[in-house]
Each structure stands twice: as C-alpha cells, then as structure tokens.
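Chemist: The structure is given below, and queries will be raised subsequently.
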Amino acid sequence: MIIVLKSGSTQADIDHISEKLHEKGLKVHVSQGEERTIIGAIGDERILREAALAAYPAVEKVLPILKPFKLASRDFHKEDTRITIGDTVIGSNEICVIAGPCSVETREGLLEVARSVKKSGAKLLRGGAFKPRSSPYAFQGLGEEGLRYLAQARDETGLKVVTELMDPRDAELVDRYADMIQIGARNMSNFNLLKEVGKMKKPVLLKRGLSSTVKEWLMSAEYILDEGNMDVILCERGVRTFETETRNTLDLSCVPLVQGMSHLPIIVDPSHAVGRADLVAPMCMAAVAAGTDGLLIEVHENPEDALCDGPQSLRLEDFASLMKNIKSLARALGREL
Ligand code: PEP
Ligand code: MN
C-alpha cells in the first residue's frame, strides 16, 4: 500500500503514521521525494484496510501497489534513484563505467589495469576475489589476498572498487574492502545472500540471473530493499537463449523497460553477454543509445593469459579507444562520461 502525504506534511506527521503502521505489525518505508512524501506500508492487505489510513489529516490518498515488487517500483518512488559513489553518481546524466579484470590475479596486473582504465575515464575498478566458476577445477579466485590488492589499487588510483560476494559467511570480510558489493548472476536467487547484503551499508550491484525474467530480477532487488538497503544497481549481463555464437544474448530492451518499471539505476555488462571481445564495443555503444546508466566492461592487461574470461576481455588500448567513442556518443545524446 502506498500512502501519499499532502504537501507540507511534517516529520511529526510521518512519524505518527509510521508508528501506527508499526503497531499493526506492518513494515514501513518512507520515500521523501522532491515533490511529495510517500509511505510504503508492506504487510497483510486486510490489516492495511482496517487501518483506515485515509482518515489521517496528513494523508492525501492511499493506493494499493498492484505489482509484486513494491519498494523497487516507480509507484513507490517516482524520481530516479541516484547512488553516489566516489566522485560519480550512478543514475544521473553521467554514464558510469566500471572496468577491470574478471578476477584479481596478480598485484602488478591489477595495478596496471587500474592505472590505465582510470586514465581512460573509468569511475570504478572491478575484479573478483571469489569467483563463481562452472568447474570446481577452474581458478576460484585469490580470496582475501585479492581483496587486499583491490584496496591497494584504490589507494593508488582513487578508483572505488566493486567485487563479488558469493557466500554470506564472507560478508564481513568483503565489506571491509569493497565500496560496492556485486551479486553475481548465479546468485540472483540466493535469497539468504540477498538478505545479507540488504543489511549491509554498501551499494549492491545486482546482476540479472542467467534465465531470469525482469520481474524475477526486480523481486530479487526487493529482497535487498526490504532489509533497508535502498542502494541497488541492476546489471543486465545477457540471458540464455538458443544462440550459441555468443555466450548469452544481450537483452537491451530491458534497459528502457526497467527504467519505466523501477526507479533503480540499471547498467549493462556487454562482456558477459557476448563472451567475445570483438562484440563488446558495438554493444557498449548500443547500450548507451538505449539509455543505460552505466557499463561494466572486462579489461585485462594481457587477455591471452587471463585465468578467467580472457576471450571477452578488452586490451588496455582497445578500452581506451572505446571510451573515446562512448564519450562522443554520450555528448551527442546530451549525456556525460
Ligand atoms: C563477473 O562479473 O565476473 C561474473 C561472474 O559475472 P556474472 O555473474 O554475470 O556471470
Ligand atoms: Mn567474468
């Protein structure tokens, strides 16, 4: 249920209504937009009806949220959610580019990539320390050592870092090093993990599941929001189809689709979608044309020797020239990079 307050309503009105809802055992989320305040009350619809909310003087109207996702929906929060991280705001006019290797491999390699992508205009450095590999025999990541290298790269370059959390038991450890927590495609429906990051105070990059619908993805975001963490960034990374020439199929139509359904920022990861370095640049341009809030691009100092996802990783110089092209396109579209 959405409770829209009259303009000019005070903090005391918000507190009073919230308290009454709490007493009835309902969950309360307040969204204070520029124009109006909305209280989202979540719980048993029958109790909500009984609460006679429209009778409160500060209440303008009471509306049901018909969609299964409530806090993630545009009905609950009209304005775009903007997430400030370092010197960038994700969900703004600026296109935020996150770049780095699939996995953190060596300190020197990571530093080389970090320095280079920073120079080219990336705003965040990515790199997995805990890797969700299809084979138990493949490189599983450096663990805490990898997290330390990420922190060193941040200290040297000023780039904020994003890394994947796979297991709630590592939450405290990853939280100590990362500026943004990634939930990988394979864990989009790991609800205990989603609840765990919902309790954390860091922005969460939530990748779309391998075969998940947009609704299922938004329901996963809802798990995080419901725990009180409102800083969720959605990431489209391709979905499984019958096509085998590409690793997955990039669903670009989900960018404007999600922007209509939800206030959360959405970024695009063409690297995991196509799985081939030669297709990454055109898909980055297409994603910008589709209105993405950002891009996640895998970059490696020497893709042939990468321990993970080498075939889809861009060389440093190719990333640099792609960034120039993105900048020109962004300008033409009235966006910034
Ligand atoms: C990754 O970002 O390296 C990764 C494993 O991505 P995904 O979860 O989208 O497969
Ligand atoms: Mn990867």
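We name chains A, B, ... following the order of the structure tokens; residues begin at 1 in each chain, and ligands are numbered from 1 as shown.
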Could the residues of range 111-165 of chain A that have an atom at most 12 Å from range 68-90 of chain A be listed as a Markdown table, each with its closest atom pair and the distance in Å to one decimal, counting only C-alpha atoms and ordered by chain and ascending residue number?
Modeler:
| residue | atom | partner | partner_atom | distance |
| --- | --- | --- | --- | --- |
| A:Gly121 | CA | A:Thr88 | CA | 11.2 |
| A:Ala122 | CA | A:Thr88 | CA | 10.1 |
| A:Lys123 | CA | A:Thr88 | CA | 6.8 |
| A:Leu124 | CA | A:Gly86 | CA | 8.5 |
| A:Leu125 | CA | A:Gly86 | CA | 11.5 |
| A:Arg154 | CA | A:Gly86 | CA | 10.8 |
| A:Thr157 | CA | A:Gly86 | CA | 11.9 |
| A:Gly158 | CA | A:Gly86 | CA | 8.3 |
| A:Leu159 | CA | A:Gly86 | CA | 7.6 |
| A:Lys160 | CA | A:Gly86 | CA | 6.3 |
| A:Val161 | CA | A:Gly86 | CA | 9.8 |
| A:Val162 | CA | A:Ile85 | CA | 10.7 |
Chemist: What parts of range 107-179 of chain A does DSSP call helix (DSSP H, G or I)? I'd like the answer as a PyMOL selection string.
Modeler: chain A and resi 107-120+144-157+168-177
Chemist: Mind dumping a table of every chain A residue within 10 Å of ligand 1, with the nearest atom pair and its distance in Å to one decimal, using only C-alpha atoms and all ligand atoms, sorted by chain and rising number, as CSV?
Modeler:
residue,atom,partner,partner_atom_place_in_ligand_line,distance
A:Gly100,CA,ligand 1,3 (O),9.6
A:Pro101,CA,ligand 1,3 (O),8.0
A:Cys102,CA,ligand 1,3 (O),4.6
A:Ser103,CA,ligand 1,3 (O),6.8
A:Arg126,CA,ligand 1,2 (O),8.1
A:Gly127,CA,ligand 1,3 (O),7.3
A:Gly128,CA,ligand 1,3 (O),6.3
A:Ala129,CA,ligand 1,3 (O),9.7
A:Phe130,CA,ligand 1,5 (C),9.3
A:Lys131,CA,ligand 1,5 (C),6.5
A:Pro132,CA,ligand 1,5 (C),5.9
A:Arg133,CA,ligand 1,5 (C),7.5
A:Ser134,CA,ligand 1,5 (C),9.7
A:Val162,CA,ligand 1,2 (O),9.8
A:Thr163,CA,ligand 1,2 (O),8.3
A:Glu164,CA,ligand 1,2 (O),7.4
A:Met166,CA,ligand 1,8 (O),9.8
A:Gln182,CA,ligand 1,2 (O),7.8
A:Ile183,CA,ligand 1,8 (O),7.0
A:Gly184,CA,ligand 1,8 (O),3.4
A:Ala185,CA,ligand 1,8 (O),3.7
A:Arg186,CA,ligand 1,8 (O),5.7
A:Asn187,CA,ligand 1,8 (O),7.6
A:Met188,CA,ligand 1,8 (O),8.5
A:Leu205,CA,ligand 1,2 (O),10.0
A:Leu206,CA,ligand 1,8 (O),8.9
A:Lys207,CA,ligand 1,9 (O),5.8
A:Arg208,CA,ligand 1,9 (O),7.1
A:Gly209,CA,ligand 1,9 (O),7.6
A:Leu210,CA,ligand 1,10 (O),7.7
A:Cys235,CA,ligand 1,9 (O),8.2
A:Glu236,CA,ligand 1,9 (O),8.0
A:Arg237,CA,ligand 1,9 (O),5.4
A:Gly238,CA,ligand 1,9 (O),7.8
A:Val239,CA,ligand 1,9 (O),9.4
A:Asn248,CA,ligand 1,10 (O),10.0
A:Asp269,CA,ligand 1,9 (O),7.6
A:Pro270,CA,ligand 1,9 (O),9.7
A:Ser271,CA,ligand 1,2 (O),8.6
A:His272,CA,ligand 1,9 (O),5.9
A:Ala273,CA,ligand 1,9 (O),7.9
A:Leu296,CA,ligand 1,2 (O),8.3
A:Ile297,CA,ligand 1,2 (O),8.9
A:Glu298,CA,ligand 1,3 (O),7.9
A:Cys308,CA,ligand 1,3 (O),8.2
A:Asp309,CA,ligand 1,3 (O),7.8
Chemist: Please produce a file of the residues just selected, as a tab-separated table (two decimals), in the first residue's frame, where the atoms kept are N, CA and C atoms.
Modeler:
chain	number	residue	atom	x	y	z
A	100	GLY	N	37.69	-3.51	-15.37
A	100	GLY	CA	38.72	-4.26	-14.67
A	100	GLY	C	38.67	-5.72	-15.08
A	101	PRO	N	39.61	-6.49	-14.55
A	101	PRO	CA	39.66	-7.91	-14.95
A	101	PRO	C	38.52	-8.71	-14.36
A	102	CYS	N	38.28	-9.88	-14.97
A	102	CYS	CA	37.26	-10.77	-14.42
A	102	CYS	C	37.65	-11.11	-12.99
A	103	SER	N	38.87	-11.63	-12.84
A	103	SER	CA	39.31	-11.96	-11.48
A	103	SER	C	40.62	-11.24	-11.17
A	126	ARG	N	36.69	-3.02	-11.15
A	126	ARG	CA	36.08	-4.30	-10.79
A	126	ARG	C	37.16	-5.39	-10.74
A	127	GLY	N	36.84	-6.49	-10.08
A	127	GLY	CA	37.76	-7.62	-10.03
A	127	GLY	C	37.25	-8.60	-9.00
A	128	GLY	N	37.15	-9.86	-9.41
A	128	GLY	CA	36.61	-10.87	-8.50
A	128	GLY	C	37.70	-11.50	-7.64
A	129	ALA	N	37.45	-11.60	-6.36
A	129	ALA	CA	38.36	-12.31	-5.45
A	129	ALA	C	37.78	-13.68	-5.12
A	130	PHE	N	36.45	-13.77	-5.16
A	130	PHE	CA	35.74	-15.04	-5.01
A	130	PHE	C	35.01	-15.26	-6.32
A	131	LYS	N	35.39	-16.29	-7.07
A	131	LYS	CA	34.83	-16.47	-8.40
A	131	LYS	C	33.83	-17.61	-8.49
A	132	PRO	N	32.65	-17.35	-9.07
A	132	PRO	CA	31.66	-18.42	-9.25
A	132	PRO	C	31.95	-19.18	-10.55
A	133	ARG	N	32.82	-20.17	-10.52
A	133	ARG	CA	33.22	-20.87	-11.74
A	133	ARG	C	32.34	-22.10	-12.00
A	134	SER	N	32.10	-22.35	-13.29
A	134	SER	CA	31.27	-23.51	-13.65
A	134	SER	C	31.96	-24.81	-13.26
A	162	VAL	N	34.59	-2.57	-6.82
A	162	VAL	CA	33.42	-3.45	-6.71
A	162	VAL	C	33.89	-4.88	-6.89
A	163	THR	N	33.39	-5.77	-6.02
A	163	THR	CA	33.80	-7.16	-6.08
A	163	THR	C	32.65	-8.05	-5.63
A	164	GLU	N	32.70	-9.30	-6.08
A	164	GLU	CA	31.56	-10.19	-5.84
A	164	GLU	C	31.59	-10.85	-4.46
A	166	MET	N	29.92	-14.09	-2.69
A	166	MET	CA	29.22	-15.33	-3.06
A	166	MET	C	28.58	-16.03	-1.88
A	182	GLN	N	29.06	-6.86	-5.40
A	182	GLN	CA	28.39	-7.46	-6.57
A	182	GLN	C	27.73	-8.78	-6.18
A	183	ILE	N	26.49	-8.94	-6.62
A	183	ILE	CA	25.82	-10.24	-6.51
A	183	ILE	C	25.78	-10.78	-7.94
A	184	GLY	N	26.43	-11.90	-8.16
A	184	GLY	CA	26.56	-12.45	-9.50
A	184	GLY	C	25.27	-13.08	-10.00
A	185	ALA	N	25.26	-13.30	-11.32
A	185	ALA	CA	24.06	-13.85	-11.97
A	185	ALA	C	23.62	-15.16	-11.32
A	186	ARG	N	24.60	-16.00	-10.97
A	186	ARG	CA	24.25	-17.31	-10.40
A	186	ARG	C	23.65	-17.20	-9.02
A	187	ASN	N	23.82	-16.08	-8.38
A	187	ASN	CA	23.28	-15.90	-7.02
A	187	ASN	C	22.10	-14.95	-6.95
A	188	MET	N	21.58	-14.57	-8.12
A	188	MET	CA	20.46	-13.62	-8.08
A	188	MET	C	19.28	-14.15	-7.27
A	205	LEU	N	25.45	-4.19	-6.49
A	205	LEU	CA	25.29	-4.36	-7.94
A	205	LEU	C	24.66	-5.73	-8.15
A	206	LEU	N	23.40	-5.73	-8.56
A	206	LEU	CA	22.65	-6.99	-8.65
A	206	LEU	C	22.54	-7.42	-10.11
A	207	LYS	N	23.27	-8.49	-10.44
A	207	LYS	CA	23.23	-8.97	-11.83
A	207	LYS	C	21.96	-9.77	-12.08
A	208	ARG	N	21.52	-9.72	-13.33
A	208	ARG	CA	20.34	-10.49	-13.71
A	208	ARG	C	20.70	-11.97	-13.81
A	209	GLY	N	19.85	-12.83	-13.30
A	209	GLY	CA	20.10	-14.28	-13.35
A	209	GLY	C	20.18	-14.79	-14.78
A	210	LEU	N	20.83	-15.94	-14.94
A	210	LEU	CA	21.10	-16.48	-16.28
A	210	LEU	C	19.83	-16.64	-17.12
A	235	CYS	N	22.03	-4.87	-13.05
A	235	CYS	CA	23.01	-5.05	-14.13
A	235	CYS	C	22.56	-6.15	-15.08
A	236	GLU	N	22.26	-5.74	-16.31
A	236	GLU	CA	21.90	-6.71	-17.37
A	236	GLU	C	23.20	-7.28	-17.92
A	237	ARG	N	23.30	-8.62	-17.96
A	237	ARG	CA	24.54	-9.26	-18.41
A	237	ARG	C	24.26	-10.40	-19.40
A	238	GLY	N	23.12	-10.29	-20.07
A	238	GLY	CA	22.79	-11.30	-21.07
A	238	GLY	C	22.03	-12.46	-20.43
A	239	VAL	N	21.14	-13.02	-21.23
A	239	VAL	CA	20.35	-14.17	-20.75
A	239	VAL	C	20.57	-15.34	-21.70
A	248	ASN	N	25.86	-15.42	-24.30
A	248	ASN	CA	24.46	-15.21	-23.90
A	248	ASN	C	23.86	-14.25	-24.93
A	269	ASP	N	26.33	-4.92	-18.82
A	269	ASP	CA	27.61	-5.63	-18.88
A	269	ASP	C	27.65	-6.40	-20.20
A	270	PRO	N	28.20	-5.80	-21.27
A	270	PRO	CA	28.23	-6.49	-22.56
A	270	PRO	C	29.25	-7.64	-22.55
A	271	SER	N	30.27	-7.58	-21.70
A	271	SER	CA	31.33	-8.60	-21.72
A	271	SER	C	30.77	-9.99	-21.47
A	272	HIS	N	30.02	-10.17	-20.39
A	272	HIS	CA	29.45	-11.49	-20.09
A	272	HIS	C	28.29	-11.84	-21.02
A	273	ALA	N	27.69	-10.82	-21.61
A	273	ALA	CA	26.56	-11.09	-22.52
A	273	ALA	C	27.06	-11.72	-23.81
A	296	LEU	N	29.59	-2.08	-17.48
A	296	LEU	CA	30.59	-2.89	-16.78
A	296	LEU	C	31.36	-3.64	-17.85
A	297	ILE	N	32.66	-3.38	-17.92
A	297	ILE	CA	33.46	-3.91	-19.03
A	297	ILE	C	34.69	-4.64	-18.48
A	298	GLU	N	34.89	-5.88	-18.95
A	298	GLU	CA	36.08	-6.62	-18.50
A	298	GLU	C	37.29	-6.20	-19.33
A	308	CYS	N	40.63	-16.17	-16.26
A	308	CYS	CA	39.17	-16.23	-16.31
A	308	CYS	C	38.66	-15.22	-17.35
A	309	ASP	N	37.81	-15.64	-18.25
A	309	ASP	CA	37.15	-14.76	-19.20
A	309	ASP	C	38.07	-13.94	-20.11
Chemist: Of the candidates A:Ala99, A:Ala151, A:Ala290, A:Val59, which shows the shortest atom-to-atom distance to ligand 2, using only C-alpha atoms and all ligand atoms?
Modeler: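 So, comparing all the options, the nearest one is A:Ala99.
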Chemist: Work out how far CA of Arg115 in chain A is from CA of Glu156 in chain A, in Å to one decimal.
Modeler: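 Going from CA of Glu156 in chain A over to CA of Arg115 in chain A covers 8.3 Å.
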Chemist: Enumerate as JSON, numbers by chain all residues of range 101-322 of chain A assigned to strand (DSSP E) by DSSP on the backbone, naming them with the chain letters and numbers the document uses.
Modeler: {"A": [124, 125, 126, 160, 161, 162, 163, 164, 180, 181, 182, 183, 204, 205, 206, 207, 232, 233, 234, 235, 236, 266, 267, 268, 294, 295, 296, 297, 298]}
Chemist: Just how far from CA of Val117 in chain A is CA of Asn229 in chain A, in Å to one decimal?
Modeler: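 These atoms are spaced 29.1 Å apart.
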Chemist: A:Gln140, A:Arg331, A:Asp278, A:Tyr149: which is nearest ligand 2, counting only C-alpha atoms and all ligand atoms?
Modeler: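 The closest residue to ligand 2 is A:Gln140.
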